[in-house]
Each structure stands twice: as C-alpha cells, then as structure tokens.
Amino acid sequence: MDRYLIRAGSSKAPDTPQPPPSPPKGNEPPRKKKKLPVGKESTIKSWELDWVGTSRNKNNALEIHCISCRQLSQKTAKNNRGAASIDPFIQGTTNTKKSSALRHADSHAHRASYDAWKQGSVSKAPIIQAIAKMDAKARNKMVKLFDIAYHLAKHELPFSYFPHLANLEKRHGVELGNTYLNRTQAQIFTKYLAEDLRTDINEEVEHVRYISILMDGSTDRSTSEKELVYIKYLQDAYLPVTRFFSIQDVENATADGVLEALHSTFEQCGIHDWRTKLVGVCADGASVNFGCREGVIAKLTNELPWLMGIHCIAHRLELAAKDAYKDSFFTKEIDSFLTSYAAFYRKSPKRVRELNEMAAILEETTLRPTRADGTRWVDHRRRALTALERNFPSVLAHLNELGSDERGDIRKDDSAKARGMVKKMTTHKFVMHMALYMDILDILSNLSLSFQRDTICLADVVEEVSTTKAVLQDMADGSDGGKLLMMRKDCTDGTYRGVVLSGSQESVAFAASCRSHIEPLIACMQKRFSSFSEHAVLSALTALDPKTWPDDLHSHTFRSDDVATLISHFKEVLTANGCDTEKALTEWMRLTKVIPTYYSSDTTWHGLWSTLMSKRKDQYPNFFHIIEVLQVLPVATAIVERGFSLLNRVKSDWRVSLSTPSVNDLMLISLEGKSEDSFDTGPAVTRWFAAAGKQSRRPYVEPYGPREEAPEEASQPINLVSDDDLDEESEG
C-alpha cells in the first residue's frame with residue numbers, strides 16, 4: 001500500500017521505479033519543454049493596469065498577480081476554512097503575457113473584487129462572493145423582477161399587481177422564470193429596494209454637521225396614530241434639502257410618545273449622535289408640540305438649549321385669516337353660502353346635470369361647486385369662490401327655475417331654499433363683498449403657495465410677509481384689487497352679467513367695509529409673524545440676508561452685533577461640531593470685504609452663501625458653521641402634509657393591513673426614489689442574493705407543486721397465464 005501513497009508536496013510515489021526515458025525516434029533530438037514568456041517589470045508597468053502586482057518567487061523569477069483578487073481571497077479565507085485559491089492570478093504566475101492578464105480582467109469575479117477594491121470595500125466579502133456566484137442569466141431575470149417591484153412602489157400600486165405584471169411581461173417574451181411571482185416576494189423585493197435609498201440618506205446624515213426635523217402627527221386609515229418625520233440638511237453643493245426620513249407608530253399622542261418615536265427613528269437608522277446635530281424643529285401649532293411646559297419643543301429645549309422651535313408659517317397664515325374673519329361678513333354670509341351651495345348640488349346628480357345643461361344653453365362653462373371649509377390651506381376658499389363667480393349666471397338661472405312653481409318634481413323645502421339663495425346672490429352687497437373677498441384670497445393664496453415651497457428659507461419669510469402686508473394696506477387705503485375693479489365697472493348700471501342687483505350702491509359705506517375687513521387681517525398677520533422681528537435670533541438674520549443690502553456694498557457697513565447674537569445662541573452646538581466661535585466673528589469681518597465680489601442686486605440667500613461656501617470654505621471655515629445652521633432651519637411643514645396625503649393613498653381602505661415597515665418602504669421609494677429610467681436595481685438584487693444564501697431558488701427553477709404527467713406508453717396485452725402454468729407446459 002505504501003507505493004500508492006504520495007507525500008505532501010511530491011508529485012510521485014517514492015518507491016515506484018521510473019521508466020527510462022524513451023529514445024528519440026530516428027535522428028530527431030528530444031523535444032524541449034516550452035518556456036513561458038519572461039517579462040520585465042517596465043513592460044508590465046506600461047500596461048497601465050493598476051490591479052497588476054509584481055513579485056519574485058524563490059527562483060527569483062518575475063511573477064504577476066491580481067492585487068484586488070488576492071486581498072479578497074485573504075479576507076474570505078476564514079469562510080473558506082483556510083483553503084487557498086488555486087487561481088494563478090491570486091497565487092502568482094510567471095505567465096507575463098498581457099493577453100492572459102486581460103482574460104483575467106474580463107472575469108466576473110475579478111470585476112466584482114476590483115470594484116470593491118477601488119471603493120475600499122473589500123470587507124464586504126459576502127456581497128462580492130454573491131456577485132461571483134450569481135450567473136448572468138439568473139441575475140438578469142432577478143433585475144427584471146426587481147424592476148417590476150420598483151414600478152409598483154413608485155406608482156403607489158398594490159403588491160397584488162406584481163404577478164399580473166410579471167405574467168404580462170412573460171406574454172411579451174420576457175424571460176422571468178416561474179419562481180418569486182407572488183405578492184409576498186414583491187414585498188420582500190421592495191424592502192431591499194428601500195434599503196438602498198435609506199442607506200444613502202443615512203450616510204448623508206451621518207456626514208453632515210447640522211440637521212433639522214420637520215414632523216407632524218395624524219391617524220391613518222386603520223385609525224392608528226402615526227408620526228411622520230422629515231429631515232433637512234445640506235448636501236454637497238451647500239444647498240439645503242428636505243428628505244423623507246421615517247414614519248413611526250406612536251403609542252400615545254403625548255409629548256413623551258412623540259419623543260420616543262423620534263428616538264426610535266434615529267436609533268433604527270443607526271444615527272446615535274442626532275441630538276448633537278439638531279438645531280431646529282418645525283411643526284404645527286398643536287399643544288403637544290408647542291406646550292409651554294409639557295410640549296415636545298419645551299422638553300427638547302430643556303435638553304438642547306440652542307434648539308429653535310419654529311411654528312409652521314403656512315399654519316400661522318391660516319390661523320391669522322381665521323382670527324381676522326371669525327365674525328365678519330365673509331364668514332357669516334359668503335362662507336356659509338358657499339357651504340350650502342356646494343351641498344345643494346353635491347347631493348343631487350340630477351341638479352348638476354341640469355346646471356350643466358343650463359350653462360350650455362347660455363354658452364357658459366361651469367366649474368364643480370366646492371366647499372369653502374376644505375383642508376387645502378387658503379387656496380381652498382379661493383377656488384370655491386372662483387367656481388361660484390364663474391357659474392354665476394348659470395346658477396342663478398337654474399335656481400330661478402327650481403324656485404318657480406312650474407316645476408312639479410321639486411319639493412317645497414328645496415324650492416324655498418333655491419329662492420333664498422337667489423335672493424342672497426342678487427344683492428349688491430353680496431356681489432361687491434364677493435369681489436373683495438376674492439381679491440384678498442388671491443393675495444393670501446399667493447403667500448400660502450409661497451410658504452409651501454420646499455426651498456423657502458427664513459429670509460424669504462420676512463420679505464414675503466412684509467410685501468403682503470404692504471399690498472393689503474394699499475387696498476385698505478382705497479386701492480381696488482383686480483376683481484373688485486372689474487366688478488365696479490360691470491355694476492355701474494345696477495346689473496352684473498345681465499342679472500339685476502337689489503340694494504343700494506353706497507360707495508362710502510362699502511369703502512368703510514373694505515377697511516374693516518382688511519385692517520384686522522393685517523393686525524392678525526402682524527401678531528402671528530411677530531416672532532420674526534421680536535425673536536433675537538430670527539431678527540439677527542437680516543444682517544446676513546442679501547435682500548436687505550443696498551446695491552452698492554462698498555459703502556455699506558455690515559453689522560457685527562447680529563452675528564455675535566447668532567454665535568452666542570448656537571455656541572454650544574457650534575463648539576461640539578468643531579467650530580472655533582472666537583475666530584468666527586473675526587472671519588465674518590474679513591468676509592465682508594469679499595462679499596461685494598459675489599454680490600449683485602438680484603442675489604438670493606441660497607445663491608450667495610452656497611457660492612461663498614463652495615469657493616471660500618477653507619478661508620472662513622468657522623463662520624460658515626453659522627451659515628450651515630441658518631441654511632437648515634425649517635420654516636414650514638407643507639411637505640409633511642403632502643406626506644400624509646401619500647400615506648392615505650398608499651395605505652388605503654383596501655390596504656389597511658399593511659405594516660408600518662412596509663408603508664415606510666413604499667413611501668420612501670415613492671418620495672425619494674429616482675425615476676424608473678435612472679434607478680439601478682442591481683445593488684438591491686446583489687444584497688438580496690447574498691442574504692438569501694446558497695439554497696435560494698433561481699428564477700428559472702420550477703416551483704414546488706404538481707408536475708405535468710408524462711404520456712402513458714402503449715398498454716401491453718395482459719397475459720392471463722400464470723408462471724406455474726408456464727412451468728407445467730415446459731415440463732410437458
């Protein structure tokens with residue numbers, strides 16, 4: 001048996017006699033062993049392949065190896081139980097042909113290890129191994145399935161559509177296999193797709209110095225309390241961005257419950273130092289948020305004294321308008337009429353059809369009657385009034401018909417209601433106040449829409465509010481708005497659009513009414529937005545706002561006391577993030593000499609400071625900490641309200657069983673995902689494969705279940721003779 005044993009490292013048995021070499025045939029000399037090409041290090045360097053390494057073996061021969069593959073092999077040696085790879089480009093080879101190196105470079109395993117090596121991510125060995133194990137056929141099919149799942153999430157479609165879309169693609173000739181074609185797998189795929197987006201956002205948040213939170217709470221379709229969290233920070237271009245961060249369950253709608261939800265949000269994302277980065281929180285004016293002692297802002301401020309709690313400016317505007325018109329003619333007469341008018345037509349398709357027919361006869365166009373007490377900010381009232389003003393002749397003609405005695409199919413109470421609405425609409429006072437109300441709502445709607453922009457900053461708020469108050473003051477002083485001016489011209493003969501109006505046309509009384517409706521609104525706006533001028537930190541912003549500077553900055557003296565106020569307020573958080581507050585003020589004084597170079601009369605807040613931070617960040621690093629803080633301070637939560645609208649679409653009445661993590665994934669893809677043309681699902685497929693393990697089925701494997709039975713072979717004739725009978729016949 002010993003002769004069959006081969007020593008380790010030997011290629012032959014020790015006791016086995018070796019046959020003599022065969023003599024050469026004829027006069028032919030013995031063949032020489034083919035030599036591999038011998039290269040020079042200078043030649044190998046000329047290839048310009050950064051992954052090719054050189055070394056010398058024990059015989060001092062030149063060898064080449066793949067640096068990235070060798071590093072990966074060393075990282076994964078423990079997983080391979082210490083077994084060394086037999087790949088010559090890992091062990092080292094004396095074959096120094098460039099063609100051999102290029103063949104190795106074209107291998108799938110090398111491309112995966114090279115990408116990780118260049119990114120410094122060789123430690124992610126399981127993912128790289130998964131890439132190498134996945135063949136191209138399986139990967140392409142999984143990418144297509146992930147694309148379908150991404151399409152569903154991006155367009156807010158249910159998971160149950162997944163198998164139908166996959167089967168439709170198969171009918172079109174797309175190879176998708178037979179596995180994973182169910183709604184459960186679609187939900188799993190969506191989870192991996194959302195993890196890619198979440199990882200990108202978390203990495204950005206980890207690397208920024210300052211963040212702010214925008215939050216709001218509400219109930220979803222399943223009547224469970226949810227807290228929606230957005231986060232605002234600076235991107236690489238030094239421009240602020242607001243991103244969807246998370247949706248969390250809230251055990252109880254108290255300040256402690258909301259704070260627990262916030263803490264869970266950041267802990268789940270692996271961001272443990274969020275308190276040292278947090279500089280601002282924006283929310284609506286609910287007592288749970290802005291309670292003096294037990295509100296969320298109060299509790300956070302006790303822990304973080306530099307924190308700025310900002311009441312949403314869009315909500316402030318709504319409250320100002322509500323306070324101003326609480327007991328006015330607008331609320332008692334016009335808003336109540338709009339509510340009755342919308343209900344009168346909304347509950348009867350027959351009336352809507354008759355209204356449209358009447359408009360066609362009068363050659364008018366109609367708008368759908370809407371309520372004035374909707375939830376779409378001030379603009380909802382403006383649209384309701386616009387619909388009434390557009391439908392005015394058609395509505396009056398139709399209501400007159402309903403209120404007449406000629407219609408026997410109308411109930412008496414509906415007929416009386418129609419006559420009452422006609423009486424109110426045809427008064428001169430109602431028509432003129434409707435025009436005034438429309439002009440005021442046009443101004444407030446423009447301001448509200450401006451407040452709902454994602455790019456609005458603190459400096460813009462001051463300018464927008466002051467401009468709106470100035471326009472309203474002009475109207476109070478006798479300057480008519482556009483709609484009121486046209487109404488005065490149309491009502492000179494006591495008619496409006498062919499309708500005879502009742503009542504007096506006293507211009508003096510109406511002018512006094514205009515002033516009594518506009519001045520309370522200005523006073524309420526001043527009260528609601530007073531913090532921007534009274535709060536020391538917010539008012540100090542004017543020193544850094546380019547819109548408050550003159551056209552010629554060379555003779556302008558910049559104020560340093562406002563900058564000192566900002567440094568004093570945020571000193572603790574600035575110091576914690578590496579800012580030398582003593583040098584910041586000195587840098588500001590030096591920067592004022594440079595600002596005129598980048599300033600023009602149309603320079604905006606973001607445009608100026610983003611440019612300076614990108615070009616002068618190394619010269620004024622400490623002062624730019626203050627600008628970063630001011631850039632990320634939030635002022636409105638309109639984006640959070642839009643998030644709740646998305647929540648109601650995603651978790652509809654037919655999908656109330658969706659779990660919060662699934663809703664989180666779907667909302668993240670819908671809000672933060674790229675378009676389907678530019679989003680790459682490849683990384684999600686790779687991580688899915690790495691997590692699934694070797695036992696995961698490929699998309700071309702038949703699923704478990706009954707198989708089609710093979711066709712039966714032709715039946716053989718039945719032999720009724722037994723074996724015993726055959727034996728007897730053979731003996732006979």
# chains A, B, ... in the order shown; residues from 1 in each chain; ligands from 1
$ residues_around --residues "segment 376-390 of chain A" --least-positions-apart "2" --cutoff "9 Å" --atoms "only C-alpha atoms" --output "ChimeraX atom specification"
/A:314-315,317-318,321,334-335,338,341-342,364-374,392-395,434-435,437-438,441-442,444-446,448-449
$ residues_around --residues "Tyr150 of chain A" --least-positions-apart "3" --cutoff "8 Å" --atoms "only C-alpha atoms" --output "PyMOL selection string"
chain A and resi 146-147+153-154+190+193+669+676
$ select_by_dssp --residues "segment 461-686 of chain A" --states "strand (DSSP E)" --output "list in words"
Thr495, Tyr496, Val499 and Val500 of chain A
$ residues_around --residues "Val241 of chain A" --least-positions-apart "3" --cutoff "8 Å" --atoms "only C-alpha atoms" --output "VMD selection string"
chain A and resid 232 to 235 455
$ closest_residue --among "A:Arg590, A:Lys40, A:Lys98, A:His569" --to "Met308 of chain A" --atoms "only C-alpha atoms"
A:His569
$ decode --residues "segment 380-410 of chain A" --atoms "N, CA, C and O atoms" --output "compact mmCIF listing (two decimals), in the first residue's frame"
# COMPACT_ATOMS: atom_id res chain seq x y z
N HIS A 380 -58.13 76.84 -0.86
CA HIS A 380 -59.39 76.11 -1.00
C HIS A 380 -60.57 77.08 -1.05
O HIS A 380 -61.49 76.90 -1.86
N ARG A 381 -60.57 78.09 -0.22
CA ARG A 381 -61.64 79.09 -0.27
C ARG A 381 -61.61 79.86 -1.60
O ARG A 381 -62.66 80.17 -2.16
N ARG A 382 -60.41 80.18 -2.05
CA ARG A 382 -60.31 80.93 -3.31
C ARG A 382 -60.90 80.14 -4.47
O ARG A 382 -61.62 80.68 -5.31
N ARG A 383 -60.65 78.84 -4.52
CA ARG A 383 -61.19 78.03 -5.60
C ARG A 383 -62.70 77.88 -5.51
O ARG A 383 -63.39 77.84 -6.53
N ALA A 384 -63.22 77.81 -4.29
CA ALA A 384 -64.67 77.73 -4.13
C ALA A 384 -65.34 79.02 -4.61
O ALA A 384 -66.38 78.98 -5.29
N LEU A 385 -64.75 80.16 -4.29
CA LEU A 385 -65.29 81.43 -4.75
C LEU A 385 -65.15 81.58 -6.27
O LEU A 385 -66.05 82.12 -6.93
N THR A 386 -64.04 81.11 -6.81
CA THR A 386 -63.84 81.19 -8.26
C THR A 386 -64.90 80.38 -8.99
O THR A 386 -65.42 80.81 -10.03
N ALA A 387 -65.24 79.21 -8.45
CA ALA A 387 -66.27 78.39 -9.08
C ALA A 387 -67.63 79.08 -9.03
O ALA A 387 -68.38 79.07 -10.01
N LEU A 388 -67.95 79.73 -7.91
CA LEU A 388 -69.23 80.43 -7.81
C LEU A 388 -69.28 81.62 -8.78
O LEU A 388 -70.30 81.84 -9.45
N GLU A 389 -68.18 82.37 -8.86
CA GLU A 389 -68.16 83.53 -9.75
C GLU A 389 -68.24 83.11 -11.22
O GLU A 389 -68.91 83.75 -12.03
N ARG A 390 -67.59 82.02 -11.56
CA ARG A 390 -67.66 81.51 -12.94
C ARG A 390 -69.06 81.03 -13.29
O ARG A 390 -69.56 81.26 -14.40
N ASN A 391 -69.72 80.37 -12.36
CA ASN A 391 -71.05 79.79 -12.61
C ASN A 391 -72.20 80.76 -12.33
O ASN A 391 -73.36 80.35 -12.37
N PHE A 392 -71.90 82.01 -12.02
CA PHE A 392 -72.92 82.94 -11.51
C PHE A 392 -74.18 83.01 -12.39
O PHE A 392 -75.29 82.78 -11.89
N PRO A 393 -74.10 83.29 -13.70
CA PRO A 393 -75.34 83.37 -14.50
C PRO A 393 -76.07 82.03 -14.59
O PRO A 393 -77.30 81.97 -14.49
N SER A 394 -75.31 80.95 -14.76
CA SER A 394 -75.93 79.63 -14.90
C SER A 394 -76.61 79.21 -13.61
O SER A 394 -77.73 78.65 -13.62
N VAL A 395 -75.96 79.46 -12.47
CA VAL A 395 -76.53 79.08 -11.18
C VAL A 395 -77.80 79.87 -10.91
O VAL A 395 -78.83 79.31 -10.46
N LEU A 396 -77.79 81.17 -11.18
CA LEU A 396 -78.98 81.98 -10.95
C LEU A 396 -80.15 81.52 -11.82
O LEU A 396 -81.29 81.41 -11.35
N ALA A 397 -79.88 81.24 -13.10
CA ALA A 397 -80.95 80.78 -13.99
C ALA A 397 -81.52 79.45 -13.53
O ALA A 397 -82.74 79.23 -13.53
N HIS A 398 -80.64 78.55 -13.10
CA HIS A 398 -81.10 77.24 -12.65
C HIS A 398 -81.87 77.33 -11.33
O HIS A 398 -82.91 76.68 -11.14
N LEU A 399 -81.36 78.16 -10.39
CA LEU A 399 -82.06 78.31 -9.11
C LEU A 399 -83.42 78.99 -9.30
O LEU A 399 -84.39 78.66 -8.60
N ASN A 400 -83.50 79.95 -10.22
CA ASN A 400 -84.80 80.58 -10.51
C ASN A 400 -85.80 79.56 -11.04
O ASN A 400 -86.99 79.58 -10.70
N GLU A 401 -85.31 78.65 -11.86
CA GLU A 401 -86.20 77.60 -12.39
C GLU A 401 -86.66 76.67 -11.29
O GLU A 401 -87.84 76.29 -11.23
N LEU A 402 -85.72 76.29 -10.39
CA LEU A 402 -86.09 75.39 -9.30
C LEU A 402 -87.05 76.07 -8.31
O LEU A 402 -87.88 75.41 -7.70
N GLY A 403 -86.90 77.40 -8.14
CA GLY A 403 -87.74 78.10 -7.19
C GLY A 403 -89.09 78.52 -7.73
O GLY A 403 -89.94 79.01 -6.97
N SER A 404 -89.30 78.33 -9.03
CA SER A 404 -90.58 78.70 -9.62
C SER A 404 -91.62 77.61 -9.35
O SER A 404 -91.29 76.48 -8.95
N ASP A 405 -92.88 77.95 -9.60
CA ASP A 405 -93.97 76.99 -9.39
C ASP A 405 -94.17 76.09 -10.60
O ASP A 405 -95.06 75.23 -10.59
N GLU A 406 -93.35 76.27 -11.65
CA GLU A 406 -93.53 75.49 -12.88
C GLU A 406 -93.02 74.07 -12.72
O GLU A 406 -93.44 73.18 -13.46
N ARG A 407 -92.10 73.86 -11.79
CA ARG A 407 -91.52 72.53 -11.60
C ARG A 407 -92.33 71.77 -10.55
O ARG A 407 -92.31 72.11 -9.37
N GLY A 408 -93.04 70.76 -10.99
CA GLY A 408 -93.82 69.96 -10.06
C GLY A 408 -93.03 68.85 -9.41
O GLY A 408 -93.51 68.20 -8.48
N ASP A 409 -91.77 68.58 -9.89
CA ASP A 409 -90.96 67.50 -9.34
C ASP A 409 -90.01 67.98 -8.24
O ASP A 409 -89.12 67.24 -7.82
N ILE A 410 -90.15 69.21 -7.81
CA ILE A 410 -89.27 69.77 -6.78
C ILE A 410 -90.04 69.87 -5.46
O ILE A 410 -91.18 70.35 -5.43
